[in-house]
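Structure file final_19.txt; described as compact mmCIF, C-alpha atoms.
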# COMPACT_ATOMS: atom_id res chain seq x y z
CA MET X 157 30.59 16.30 14.95
CA ALA X 158 28.69 18.38 17.49
CA HIS X 159 27.57 16.86 20.78
CA GLN X 160 24.03 16.54 22.03
CA SER X 161 23.25 15.63 25.62
CA THR X 162 20.89 12.82 24.64
CA SER X 163 20.19 10.75 21.57
CA VAL X 164 16.94 10.59 19.62
CA PHE X 165 17.87 7.06 18.61
CA PRO X 166 16.41 4.28 20.79
CA GLU X 167 18.79 2.05 22.75
CA THR X 168 17.84 -0.84 20.47
CA PHE X 169 18.92 1.05 17.33
CA LEU X 170 21.49 -0.93 15.34
CA TRP X 171 24.61 0.55 13.73
CA GLY X 172 26.38 -1.58 11.18
CA VAL X 173 27.92 -2.29 7.81
CA ALA X 174 26.91 -4.58 4.98
CA THR X 175 28.37 -7.02 2.49
CA ALA X 176 26.91 -9.41 -0.07
CA ALA X 177 28.22 -12.92 -0.56
CA HIS X 178 29.09 -12.68 -4.24
CA GLN X 179 30.85 -9.36 -3.78
CA VAL X 180 33.19 -10.49 -1.01
CA GLU X 181 33.42 -14.29 -0.76
CA GLY X 182 35.12 -15.13 -4.05
CA ASN X 183 34.78 -18.00 -6.52
CA ASN X 184 31.00 -18.19 -6.48
CA VAL X 185 31.17 -20.47 -9.49
CA ASN X 186 27.67 -21.97 -9.37
CA SER X 187 25.93 -18.60 -9.60
CA ASP X 188 24.36 -17.02 -12.66
CA THR X 189 26.37 -13.84 -12.11
CA TRP X 190 29.65 -15.77 -12.32
CA LEU X 191 28.48 -17.04 -15.71
CA PHE X 192 27.52 -13.55 -16.90
CA GLU X 193 30.92 -12.19 -15.80
CA ASN X 194 32.91 -14.79 -17.67
CA VAL X 195 31.19 -15.17 -21.05
CA GLU X 196 32.39 -13.57 -24.24
CA ASP X 197 30.86 -10.09 -24.75
CA THR X 198 30.21 -9.61 -21.03
CA ALA X 199 29.18 -6.15 -19.86
CA PHE X 200 31.09 -6.69 -16.61
CA ALA X 201 34.29 -4.65 -16.35
CA GLU X 202 36.11 -7.65 -14.87
CA PRO X 203 35.28 -10.96 -13.18
CA SER X 204 34.84 -11.21 -9.41
CA GLY X 205 37.48 -13.93 -9.04
CA ASP X 206 38.74 -14.37 -5.48
CA ALA X 207 37.01 -11.14 -4.39
CA MET X 208 37.92 -10.39 -0.73
CA ASP X 209 38.20 -14.10 0.10
CA HIS X 210 35.68 -13.40 2.86
CA TYR X 211 34.55 -17.01 2.54
CA HIS X 212 37.77 -18.10 4.27
CA ARG X 213 38.58 -14.89 6.17
CA PHE X 214 35.20 -14.23 7.74
CA ARG X 215 36.43 -14.70 11.32
CA GLU X 216 39.00 -11.92 11.18
CA ASP X 217 36.68 -9.73 9.11
CA ILE X 218 33.82 -10.07 11.60
CA ALA X 219 36.19 -9.44 14.50
CA LEU X 220 37.40 -6.29 12.72
CA ILE X 221 33.86 -5.02 12.17
CA SER X 222 33.00 -5.64 15.82
CA SER X 223 36.16 -3.89 17.01
CA LEU X 224 35.00 -0.65 15.39
CA GLY X 225 32.17 -0.38 17.93
CA LEU X 226 29.44 -1.35 15.50
CA THR X 227 26.53 -3.47 16.69
CA SER X 228 25.28 -5.23 13.56
CA TYR X 229 26.42 -6.88 10.37
CA ARG X 230 24.27 -7.32 7.28
CA LEU X 231 25.46 -10.26 5.22
CA SER X 232 23.98 -12.59 2.64
CA ILE X 233 23.76 -16.33 2.23
CA GLU X 234 24.47 -17.66 -1.24
CA TRP X 235 21.69 -19.80 -2.70
CA SER X 236 23.97 -21.25 -5.38
CA ARG X 237 26.30 -22.61 -2.69
CA ILE X 238 23.47 -24.01 -0.56
CA GLU X 239 21.61 -25.61 -3.50
CA PRO X 240 24.15 -26.00 -6.35
CA ALA X 241 21.81 -28.35 -8.23
CA ARG X 242 18.04 -28.38 -8.01
CA GLY X 243 16.98 -30.28 -4.90
CA LEU X 244 20.59 -30.94 -3.81
CA PHE X 245 21.27 -29.12 -0.53
CA SER X 246 24.87 -28.98 0.66
CA LYS X 247 25.24 -29.88 4.34
CA ALA X 248 28.78 -28.53 4.25
CA GLU X 249 27.68 -25.11 3.00
CA LEU X 250 24.81 -24.95 5.47
CA ALA X 251 27.34 -25.69 8.22
CA HIS X 252 29.66 -23.01 6.85
CA TYR X 253 27.06 -20.25 7.01
CA ARG X 254 25.96 -21.39 10.45
CA GLU X 255 29.59 -20.94 11.53
CA VAL X 256 29.60 -17.43 10.06
CA LEU X 257 26.45 -16.47 11.97
CA GLN X 258 27.76 -18.05 15.16
CA CYS X 259 30.91 -15.94 14.77
CA CYS X 260 28.72 -12.82 14.63
CA ARG X 261 26.90 -13.92 17.77
CA ASP X 262 30.19 -14.62 19.55
CA THR X 263 31.52 -11.13 18.74
CA GLY X 264 28.32 -9.40 19.83
CA LEU X 265 27.03 -8.43 16.39
CA LYS X 266 23.34 -8.65 15.57
CA THR X 267 22.74 -10.27 12.18
CA ILE X 268 20.67 -8.90 9.32
CA VAL X 269 20.66 -11.85 6.92
CA THR X 270 19.79 -11.47 3.24
CA LEU X 271 18.72 -14.76 1.69
CA HIS X 272 19.09 -13.59 -1.93
CA HIS X 273 21.40 -10.74 -2.89
CA PHE X 274 21.09 -10.60 -6.71
CA THR X 275 22.73 -13.97 -7.47
CA SER X 276 20.85 -17.19 -8.20
CA PRO X 277 21.95 -20.75 -9.01
CA ILE X 278 22.73 -21.29 -12.66
CA TRP X 279 20.12 -24.07 -12.78
CA LEU X 280 17.40 -21.58 -11.81
CA LEU X 281 18.42 -19.22 -14.62
CA ALA X 282 18.39 -22.12 -17.09
CA GLN X 283 14.76 -22.92 -16.28
CA GLY X 284 13.39 -19.40 -16.60
CA GLY X 285 14.79 -17.60 -13.59
CA TRP X 286 12.73 -14.75 -12.19
CA GLU X 287 9.96 -15.06 -14.76
CA SER X 288 9.24 -18.74 -14.12
CA PRO X 289 6.05 -19.63 -12.22
CA GLU X 290 8.09 -22.29 -10.38
CA THR X 291 10.51 -19.82 -8.84
CA PRO X 292 8.42 -18.61 -5.87
CA SER X 293 8.00 -22.11 -4.47
CA LEU X 294 11.62 -23.04 -5.16
CA PHE X 295 12.84 -19.89 -3.46
CA ALA X 296 10.58 -20.45 -0.46
CA ARG X 297 11.88 -24.02 -0.15
CA TYR X 298 15.47 -22.76 -0.08
CA CYS X 299 14.61 -20.07 2.48
CA ALA X 300 12.86 -22.59 4.70
CA ARG X 301 15.88 -24.89 4.65
CA VAL X 302 18.23 -22.08 5.63
CA VAL X 303 16.02 -20.86 8.48
CA GLU X 304 15.56 -24.42 9.74
CA GLU X 305 19.33 -24.83 9.89
CA MET X 306 20.39 -21.47 11.33
CA GLY X 307 17.35 -19.29 12.03
CA ASP X 308 18.20 -19.27 15.74
CA LEU X 309 21.28 -17.18 14.89
CA MET X 310 19.39 -14.56 12.83
CA ASP X 311 18.05 -11.28 14.20
CA TYR X 312 16.46 -9.95 11.00
CA VAL X 313 15.83 -11.61 7.64
CA CYS X 314 15.73 -9.86 4.27
CA THR X 315 14.24 -12.24 1.74
CA MET X 316 15.74 -10.52 -1.31
CA ASN X 317 17.81 -7.49 -2.20
CA GLU X 318 16.49 -4.68 -4.38
CA PRO X 319 13.92 -6.49 -6.54
CA ASN X 320 13.05 -3.04 -7.95
CA LEU X 321 16.58 -2.25 -9.18
CA ALA X 322 15.84 -3.70 -12.63
CA TRP X 323 13.31 -0.92 -13.35
CA PHE X 324 15.90 1.66 -12.36
CA LEU X 325 18.32 0.02 -14.79
CA ALA X 326 15.65 0.00 -17.51
CA ASP X 327 15.19 3.75 -17.11
CA VAL X 328 18.89 4.37 -17.75
CA GLY X 329 19.04 1.91 -20.66
CA ALA X 330 21.01 -0.84 -18.88
CA THR X 331 18.26 -3.42 -19.33
CA SER X 332 14.87 -3.68 -21.03
CA ARG X 333 11.25 -4.05 -19.95
CA ASN X 334 10.73 -6.49 -22.84
CA ALA X 335 12.09 -10.04 -22.68
CA SER X 336 12.41 -10.18 -26.46
CA ASP X 337 15.02 -7.40 -26.40
CA ARG X 338 17.48 -9.72 -24.67
CA ALA X 339 18.22 -11.28 -28.05
CA GLU X 340 19.77 -7.96 -29.09
CA ASP X 341 22.21 -7.97 -26.15
CA PRO X 342 25.56 -9.68 -26.92
CA MET X 343 26.07 -10.73 -23.28
CA PHE X 344 22.65 -12.36 -23.09
CA ARG X 345 23.26 -14.12 -26.40
CA SER X 346 26.53 -15.54 -25.04
CA VAL X 347 24.91 -16.75 -21.82
CA ALA X 348 22.01 -18.25 -23.77
CA LYS X 349 24.44 -20.12 -26.01
CA ALA X 350 26.28 -21.49 -22.97
CA LEU X 351 23.02 -22.77 -21.46
CA GLY X 352 21.38 -23.93 -24.70
CA VAL X 353 18.32 -21.69 -24.31
CA GLU X 354 16.89 -18.64 -26.07
CA PRO X 355 18.07 -15.23 -24.79
CA ALA X 356 14.49 -14.13 -24.04
CA PHE X 357 14.33 -16.96 -21.52
CA LEU X 358 17.12 -15.48 -19.34
CA ALA X 359 15.33 -13.63 -16.54
CA GLN X 360 18.32 -12.83 -14.34
CA PHE X 361 17.26 -11.11 -11.11
CA GLN X 362 19.13 -7.81 -11.55
CA PHE X 363 18.13 -7.40 -15.19
CA ALA X 364 14.54 -8.71 -15.20
CA ALA X 365 12.26 -5.65 -15.53
CA THR X 366 9.20 -7.19 -17.17
CA GLU X 367 5.80 -7.14 -15.50
CA ARG X 368 5.99 -10.94 -15.27
CA ALA X 369 9.21 -10.47 -13.28
CA PHE X 370 7.41 -8.06 -10.94
CA ASP X 371 4.73 -10.67 -10.26
CA VAL X 372 7.24 -13.49 -9.75
CA LYS X 373 9.53 -11.48 -7.46
CA LEU X 374 6.63 -10.31 -5.33
CA ALA X 375 5.16 -13.82 -5.10
CA ALA X 376 8.59 -15.24 -4.21
CA HIS X 377 9.05 -12.63 -1.49
CA LYS X 378 5.66 -13.27 0.08
CA ALA X 379 6.16 -17.05 -0.09
CA ALA X 380 9.56 -16.65 1.56
CA VAL X 381 8.17 -14.50 4.38
CA ASP X 382 5.52 -17.14 5.01
CA ALA X 383 8.18 -19.87 5.00
CA VAL X 384 10.33 -17.95 7.50
CA HIS X 385 7.41 -17.27 9.82
CA ALA X 386 6.21 -20.89 9.66
CA ILE X 387 9.51 -21.87 11.29
CA ARG X 388 10.32 -18.76 13.32
CA PRO X 389 7.17 -16.66 13.88
CA ASP X 390 9.18 -14.18 15.97
CA LEU X 391 11.89 -13.56 13.35
CA PRO X 392 11.33 -10.16 11.67
CA ALA X 393 11.21 -10.57 7.90
CA GLY X 394 11.02 -8.13 4.99
CA TRP X 395 12.82 -7.27 1.77
CA THR X 396 15.14 -4.43 0.81
CA LEU X 397 14.37 -1.85 -1.87
CA VAL X 398 16.20 0.79 -3.85
CA GLY X 399 14.94 4.10 -2.55
CA SER X 400 15.55 7.39 -4.27
CA PRO X 401 14.08 10.87 -4.29
CA PHE X 402 13.00 11.69 -7.83
CA LYS X 403 13.82 15.30 -8.65
CA ALA X 404 12.32 16.95 -11.71
CA ALA X 405 14.44 19.15 -13.92
CA PRO X 406 12.42 21.74 -15.88
CA GLY X 407 9.72 19.88 -17.81
CA GLY X 408 10.42 16.58 -16.06
CA GLU X 409 7.67 16.60 -13.45
CA GLU X 410 5.43 14.03 -15.14
CA ARG X 411 8.31 11.71 -16.01
CA ALA X 412 9.73 11.88 -12.47
CA ALA X 413 6.32 11.07 -10.96
CA ALA X 414 5.92 8.06 -13.25
CA ALA X 415 9.38 6.77 -12.33
CA ARG X 416 8.67 7.21 -8.62
CA GLU X 417 5.53 5.10 -8.94
CA GLU X 418 7.07 2.33 -11.07
CA ILE X 419 10.41 2.02 -9.29
CA CYS X 420 9.58 2.77 -5.66
CA ASP X 421 6.02 3.51 -4.57
CA ARG X 422 4.35 0.31 -5.79
CA PHE X 423 7.07 -1.71 -4.07
CA TYR X 424 6.69 0.27 -0.83
CA ARG X 425 2.95 -0.43 -0.89
CA ALA X 426 3.59 -4.12 -1.57
CA SER X 427 5.67 -4.22 1.63
CA ALA X 428 2.62 -3.59 3.81
CA GLY X 429 2.10 -6.53 6.10
CA ASP X 430 5.80 -7.33 6.39
CA ASP X 431 7.68 -6.78 9.65
CA PHE X 432 9.89 -4.08 8.09
CA VAL X 433 11.22 -2.85 4.76
CA GLY X 434 14.90 -2.17 4.13
CA ILE X 435 15.69 1.12 2.38
CA GLN X 436 18.84 1.47 0.24
CA THR X 437 19.69 4.93 -1.01
CA TYR X 438 22.83 6.56 -2.37
CA SER X 439 21.74 9.77 -4.09
CA ARG X 440 18.72 11.35 -5.74
CA SER X 441 17.61 10.89 -9.33
CA TRP X 442 17.09 13.78 -11.74
CA TYR X 443 14.49 13.47 -14.52
CA GLY X 444 13.78 15.54 -17.57
CA ALA X 445 10.84 15.24 -19.95
CA ASP X 446 12.39 12.19 -21.66
CA GLY X 447 13.81 10.38 -18.65
CA PRO X 448 16.93 10.46 -16.44
CA VAL X 449 19.30 13.41 -16.83
CA ASP X 450 22.62 14.34 -15.26
CA PRO X 451 22.69 16.34 -12.01
CA PRO X 452 22.89 20.12 -12.45
CA ALA X 453 26.28 21.53 -13.40
CA GLY X 454 28.46 22.54 -10.49
CA VAL X 455 27.08 20.22 -7.81
CA GLU X 456 29.47 18.04 -5.80
CA LEU X 457 29.78 14.54 -7.27
CA THR X 458 30.87 11.12 -6.01
CA GLN X 459 33.38 8.80 -7.66
CA ARG X 460 30.53 7.28 -9.68
CA GLY X 461 29.43 10.69 -10.98
CA GLU X 462 26.33 10.74 -8.79
CA GLU X 463 25.24 13.85 -6.93
CA PHE X 464 26.68 14.10 -3.41
CA TYR X 465 23.38 14.37 -1.58
CA PRO X 466 23.37 12.65 1.84
CA GLU X 467 19.84 13.91 2.55
CA ALA X 468 18.52 11.41 0.00
CA ILE X 469 18.21 8.73 2.69
CA GLU X 470 15.96 10.96 4.81
CA GLU X 471 13.71 11.69 1.83
CA SER X 472 13.56 7.98 0.92
CA LEU X 473 12.64 6.98 4.47
CA ARG X 474 9.83 9.51 4.60
CA ALA X 475 8.47 8.33 1.24
CA ALA X 476 8.65 4.68 2.27
CA TRP X 477 6.89 5.41 5.56
CA ASP X 478 4.13 7.31 3.76
CA GLN X 479 3.52 4.42 1.36
CA SER X 480 4.09 1.35 3.57
CA GLY X 481 3.27 2.38 7.13
CA ILE X 482 5.63 -0.28 8.55
CA SER X 483 8.97 -0.23 10.36
CA LEU X 484 11.96 0.82 8.26
CA PHE X 485 15.60 -0.26 8.29
CA VAL X 486 18.42 1.56 6.50
CA THR X 487 20.02 -1.54 5.03
CA GLU X 488 22.40 0.31 2.65
CA ASN X 489 23.62 3.88 2.50
CA GLY X 490 26.97 5.27 1.41
CA ILE X 491 29.02 6.68 -1.43
CA ALA X 492 31.71 5.60 -3.84
CA SER X 493 34.68 7.82 -3.10
CA GLU X 494 38.48 7.78 -3.02
CA ASP X 495 38.20 10.78 -0.67
CA ASP X 496 37.50 9.43 2.79
CA GLU X 497 36.87 12.90 4.20
CA GLN X 498 34.00 13.16 1.73
CA ARG X 499 32.67 9.87 3.09
CA GLU X 500 32.82 11.18 6.67
CA ARG X 501 30.86 14.29 5.66
CA PHE X 502 28.35 12.04 3.94
CA LEU X 503 27.92 9.87 7.03
CA ASP X 504 27.33 12.86 9.33
CA ARG X 505 24.66 14.37 7.12
CA ALA X 506 23.00 11.04 6.29
CA VAL X 507 22.81 10.00 9.95
CA ALA X 508 21.43 13.43 10.85
CA GLY X 509 18.65 12.87 8.30
CA VAL X 510 17.84 9.47 9.76
CA GLY X 511 17.78 11.08 13.21
CA ARG X 512 15.27 13.68 12.07
CA CYS X 513 13.01 10.85 10.87
CA VAL X 514 13.29 9.13 14.26
CA ARG X 515 12.65 12.45 16.02
CA ASP X 516 9.46 12.80 13.97
CA GLY X 517 8.19 9.40 15.09
CA ILE X 518 9.10 7.31 12.05
CA PRO X 519 10.09 3.81 13.27
CA VAL X 520 13.62 3.25 11.96
CA LEU X 521 15.33 0.15 13.33
CA GLY X 522 18.93 0.72 12.31
CA TYR X 523 21.51 2.32 10.01
CA THR X 524 23.73 0.15 7.81
CA CYS X 525 26.59 1.66 5.83
CA TRP X 526 27.47 0.23 2.43
CA SER X 527 29.92 -1.19 2.56
CA ALA X 528 32.27 -2.90 4.98
CA PHE X 529 34.97 -3.29 2.32
CA ASP X 530 36.04 -1.94 -1.02
CA ASN X 531 34.61 -4.90 -2.90
CA PHE X 532 33.31 -6.15 -6.25
CA GLU X 533 30.65 -3.76 -7.55
CA TRP X 534 28.92 -5.85 -10.19
CA VAL X 535 29.26 -4.53 -13.76
CA PHE X 536 31.66 -1.84 -12.54
CA GLY X 537 34.16 -4.37 -11.17
CA TYR X 538 36.57 -3.28 -8.47
CA GLY X 539 36.79 0.39 -9.50
CA PRO X 540 34.21 2.07 -7.22
CA LYS X 541 35.35 2.38 -3.59
CA TYR X 542 32.36 2.20 -1.23
CA GLY X 543 34.13 0.59 1.72
CA ILE X 544 35.08 1.93 5.12
CA ILE X 545 37.82 -0.71 5.06
CA SER X 546 40.19 -0.97 2.12
CA VAL X 547 41.52 -4.26 0.79
CA ASP X 548 44.78 -4.92 -1.03
CA ARG X 549 43.62 -7.61 -3.44
CA GLU X 550 47.17 -8.86 -4.01
CA THR X 551 47.80 -9.54 -0.31
CA GLN X 552 44.18 -9.44 0.97
CA ARG X 553 45.39 -7.08 3.70
CA ARG X 554 42.60 -5.03 5.29
CA THR X 555 43.18 -1.40 6.29
CA VAL X 556 40.70 0.52 8.41
CA LYS X 557 39.91 3.94 6.93
CA PRO X 558 39.26 7.02 9.11
CA SER X 559 35.58 6.80 8.07
CA ALA X 560 35.34 3.42 9.80
CA THR X 561 36.57 4.91 13.06
CA HIS X 562 34.19 7.82 12.50
CA LEU X 563 31.19 5.51 12.05
CA GLY X 564 32.29 3.59 15.13
CA ARG X 565 32.21 6.80 17.18
CA ILE X 566 28.69 7.51 15.96
CA ALA X 567 27.68 3.99 16.98
CA ARG X 568 29.27 4.28 20.44
CA CYS X 569 27.41 7.52 21.18
CA ASN X 570 24.23 6.08 19.59
CA GLY X 571 24.03 9.07 17.29
CA ALA X 572 24.07 11.64 20.11
CA CYS X 573 27.34 13.07 18.74
CA VAL X 574 25.72 14.07 15.44
CA GLU X 575 23.98 17.43 15.20
CA LEU X 576 20.58 16.79 13.64
CA GLY X 577 19.79 20.33 12.51
CA ASP X 578 16.99 20.92 10.04
CA ALA X 579 16.35 19.29 6.68
CA ARG X 580 18.06 21.05 3.78
Would you mind giving the structure from this file in structure tokens?
Amino acid sequence: MAHQSTSVFPETFLWGVATAAHQVEGNNVNSDTWLFENVEDTAFAEPSGDAMDHYHRFREDIALISSLGLTSYRLSIEWSRIEPARGLFSKAELAHYREVLQCCRDTGLKTIVTLHHFTSPIWLLAQGGWESPETPSLFARYCARVVEEMGDLMDYVCTMNEPNLAWFLADVGATSRNASDRAEDPMFRSVAKALGVEPAFLAQFQFAATERAFDVKLAAHKAAVDAVHAIRPDLPAGWTLVGSPFKAAPGGEERAAAAREEICDRFYRASAGDDFVGIQTYSRSWYGADGPVDPPAGVELTQRGEEFYPEAIEESLRAAWDQSGISLFVTENGIASEDDEQRERFLDRAVAGVGRCVRDGIPVLGYTCWSAFDNFEWVFGYGPKYGIISVDRETQRRTVKPSATHLGRIARCNGACVELGDAR
């Protein structure tokens, strides 16, 4: 890292890490994702199980994050714990999450709170999930209850995480844009059998890529923002989106442009009027004439086989700013890698790109690395290593990686120790 005399980042800029409840807490048994993980014919590599046991170990985990020199923690609150049955709100779970947020406050960490990070209560899935016209009002009711109980301990609120991911998954063949196709998926058939419904009825948040799902997710987000602001008008609220530069291979220009519009641009535009939009980028996406293609031969790859391209976050921020015109927040950025030196190189170049955006007058509120821990990565299980802290899942022992110390140094110098340079 080179040293600059001053930082382009404002003094209020937040440096942090992120987790999501289902990925770290463990035993989230009332969630739809737990059901999907544990049915016959599941597409999940393994169940989440005890995960990192963050539910019980949050105090030491938060203290560890704070000790690195970071200033913020993005975490999520689990709807299926708060409202395990429709209309039944758990006072014990509300008290638990208030304790978590109070712990952040006590250790000096600002909180970026996500109210829905992919997982929903099983009862919501059973009544139509993210294609049901009832869902926006039910979601807003849940959000209002949470903010009433602990909104005084929140610094930023993200209503939902990556509502646009499903269209990304549809492009790579991991889900469908047609609800009727769910009947052809063995995992969906197994879940439908367990719930006594038809597979087409199962609009799970991550996998729902129909146009009805777009309408329901957007309506739920807007209703949630209104609910938050009705209680705490001063609490900044937005959602987080998958951001990606779409790069055309020869002949792929038209297909890349169409993907950019469907997956990102229309969601960026829909963010207008919010207090901010969270941008979550890991690499760039290559498109040929028929859809997604592999990165060019010979480029550096991550553990997941994605192109090592830290500048993707800068390109995503610029695209989001062009389309939305509102404040931005890097709510996830990182790589899956067993090579921590590769992660450090990624962080330097990614932060430099964010700094160039700030230098150019784009209002970026903070940088959040995904993730705090090597945790459960959805259908991929525990294989991909995104964390700056490793976890021995037999002993639950945490070990700080050099990249965590590296990110802490960047936070302590407020980015002044990173050479911005020019865009690649």
Skipping near chain neighbours, those fewer than 5 positions away, what residues fall within 10 Å of X:Ala241 using all atoms listed in the file, listed as an NGL selection string? :X and (186 or 236 or 246 or 277-280)
Select, counting all atoms listed in the file, all protein, DNA and RNA residues no farther than 10 Å from (26.2, -7.3, -1.0) in file coordinates, and express the selection as a compact mmCIF listing (two decimals) with C-alpha atoms, in the frame of the given file.
# COMPACT_ATOMS: atom_id res chain seq x y z
CA ALA X 174 26.91 -4.58 4.98
CA THR X 175 28.37 -7.02 2.49
CA ALA X 176 26.91 -9.41 -0.07
CA ALA X 177 28.22 -12.92 -0.56
CA HIS X 178 29.09 -12.68 -4.24
CA GLN X 179 30.85 -9.36 -3.78
CA VAL X 180 33.19 -10.49 -1.01
CA ARG X 230 24.27 -7.32 7.28
CA LEU X 231 25.46 -10.26 5.22
CA SER X 232 23.98 -12.59 2.64
CA ILE X 233 23.76 -16.33 2.23
CA THR X 270 19.79 -11.47 3.24
CA HIS X 272 19.09 -13.59 -1.93
CA HIS X 273 21.40 -10.74 -2.89
CA PHE X 274 21.09 -10.60 -6.71
CA THR X 275 22.73 -13.97 -7.47
CA ASN X 317 17.81 -7.49 -2.20
CA GLU X 488 22.40 0.31 2.65
CA TRP X 526 27.47 0.23 2.43
CA SER X 527 29.92 -1.19 2.56
CA ALA X 528 32.27 -2.90 4.98
CA ASN X 531 34.61 -4.90 -2.90
CA PHE X 532 33.31 -6.15 -6.25
CA GLU X 533 30.65 -3.76 -7.55
CA TRP X 534 28.92 -5.85 -10.19
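Counting from atom CA of X:Asp209, the distance to atom CA of X:Gln459 is 24.7 Å.
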Shell of 9 Å around X:Pro406, all atoms listed in the file, local chain residues under 3 positions omitted, as an MDAnalysis selection string: chainID X and resid 409 443:445
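The residue set within 9 Å of X:Phe402, counting all atoms listed in the file and dropping same-chain residues fewer than 2 places from it, reads Ser400, Ala404, Ala412, Ala413, Ala415, Arg416, Arg440, Ser441, Trp442 and Tyr443 of chain X.
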Can you check which parts of stretch 440-530 of chain X lie within 7 Å of stretch 557-574 of chain X? Per residue, the shortest pair of atoms and distance in Å to one decimal, counting all atoms listed in the file, sorted by chain and number, as CSV.
residue,atom,partner,partner_atom,distance
X:Asp496,CA,X:Ser559,CA,6.2
X:Arg499,CA,X:Ser559,CA,6.5
X:Glu500,CA,X:Ser559,CA,5.4
X:Asp504,CA,X:Val574,CA,6.4
X:Ala508,CA,X:Val574,CA,6.3
Residues within 9 Å of (14.3, -15.1, 11.0), file coords, only C-alpha atoms, listed as JSON, numbers by chain: {"X": [269, 303, 306, 307, 308, 309, 310, 311, 312, 313, 314, 384, 385, 387, 388, 389, 390, 391, 392, 393]}
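Considering all atoms listed in the file, the residue among X:Asp382, X:Glu410, X:Asp188, X:Glu497 positioned nearest to X:Leu358 is X:Asp188.
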Between X:Phe245, X:Phe324, X:Trp171, X:Phe363, smallest distance to X:Ser222 by only C-alpha atoms belongs to X:Trp171
Could you list, as a PDB file with C-alpha atoms, in the frame of the given file, every residue within 7 Å of stretch 259-261 of chain X, counting all atoms listed in the file and ignoring same-chain residues fewer than 4 positions away?
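Written output follows (selection.pdb):
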ATOM      1  CA  ARG X 215      36.430 -14.700  11.320  1.00  0.00           C
ATOM      2  CA  ILE X 218      33.820 -10.070  11.600  1.00  0.00           C
ATOM      3  CA  GLU X 255      29.590 -20.940  11.530  1.00  0.00           C
ATOM      4  CA  LEU X 265      27.030  -8.430  16.390  1.00  0.00           C
ATOM      5  CA  LYS X 266      23.340  -8.650  15.570  1.00  0.00           C
ATOM      6  CA  THR X 267      22.740 -10.270  12.180  1.00  0.00           C
TER       7      THR X 267
END
Quick one: residues within 8 Å of X:Trp190, all atoms listed in the file, excluding same-chain residues fewer than 6 positions away - as a ChimeraX atom specification? /X:184,203-204
Please produce a file of those selected residues containing C-alpha atoms, as a compact mmCIF listing (two decimals), in the frame of the given file.
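New file selection.txt:
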# COMPACT_ATOMS: atom_id res chain seq x y z
CA ASN X 184 31.00 -18.19 -6.48
CA PRO X 203 35.28 -10.96 -13.18
CA SER X 204 34.84 -11.21 -9.41
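Among the candidate residues X:Ala201, X:Ile518, X:Ala219, X:Ala282, the one lying nearest to X:Asp262 is X:Ala219, with distances computed using all atoms listed in the file.
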Adding 3 Å on each side of the box along x, y and z that holds all listed atoms of stretch 242-246 of chain X, could you give its centre and edge lengths in Å to one decimal, as AutoDock Vina command-line options?
--center_x 20.9 --center_y -29.7 --center_z -3.7 --size_x 13.9 --size_y 8.6 --size_z 14.7
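For the set X:Asn320, X:Ser493, X:Gln479, X:Asn194, the residue with the smallest atom-to-atom gap to X:Gly461 is X:Ser493, counting all atoms listed in the file.
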State, in Å with one decimal place, the distance from atom CA of X:Glu193 to atom CA of X:Ser346. 10.8 Å
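Distances from X:Glu216, X:Arg338, X:Val520, X:Ala383 to X:Cys299 were compared using only C-alpha atoms, and the smallest one belongs to X:Ala383.
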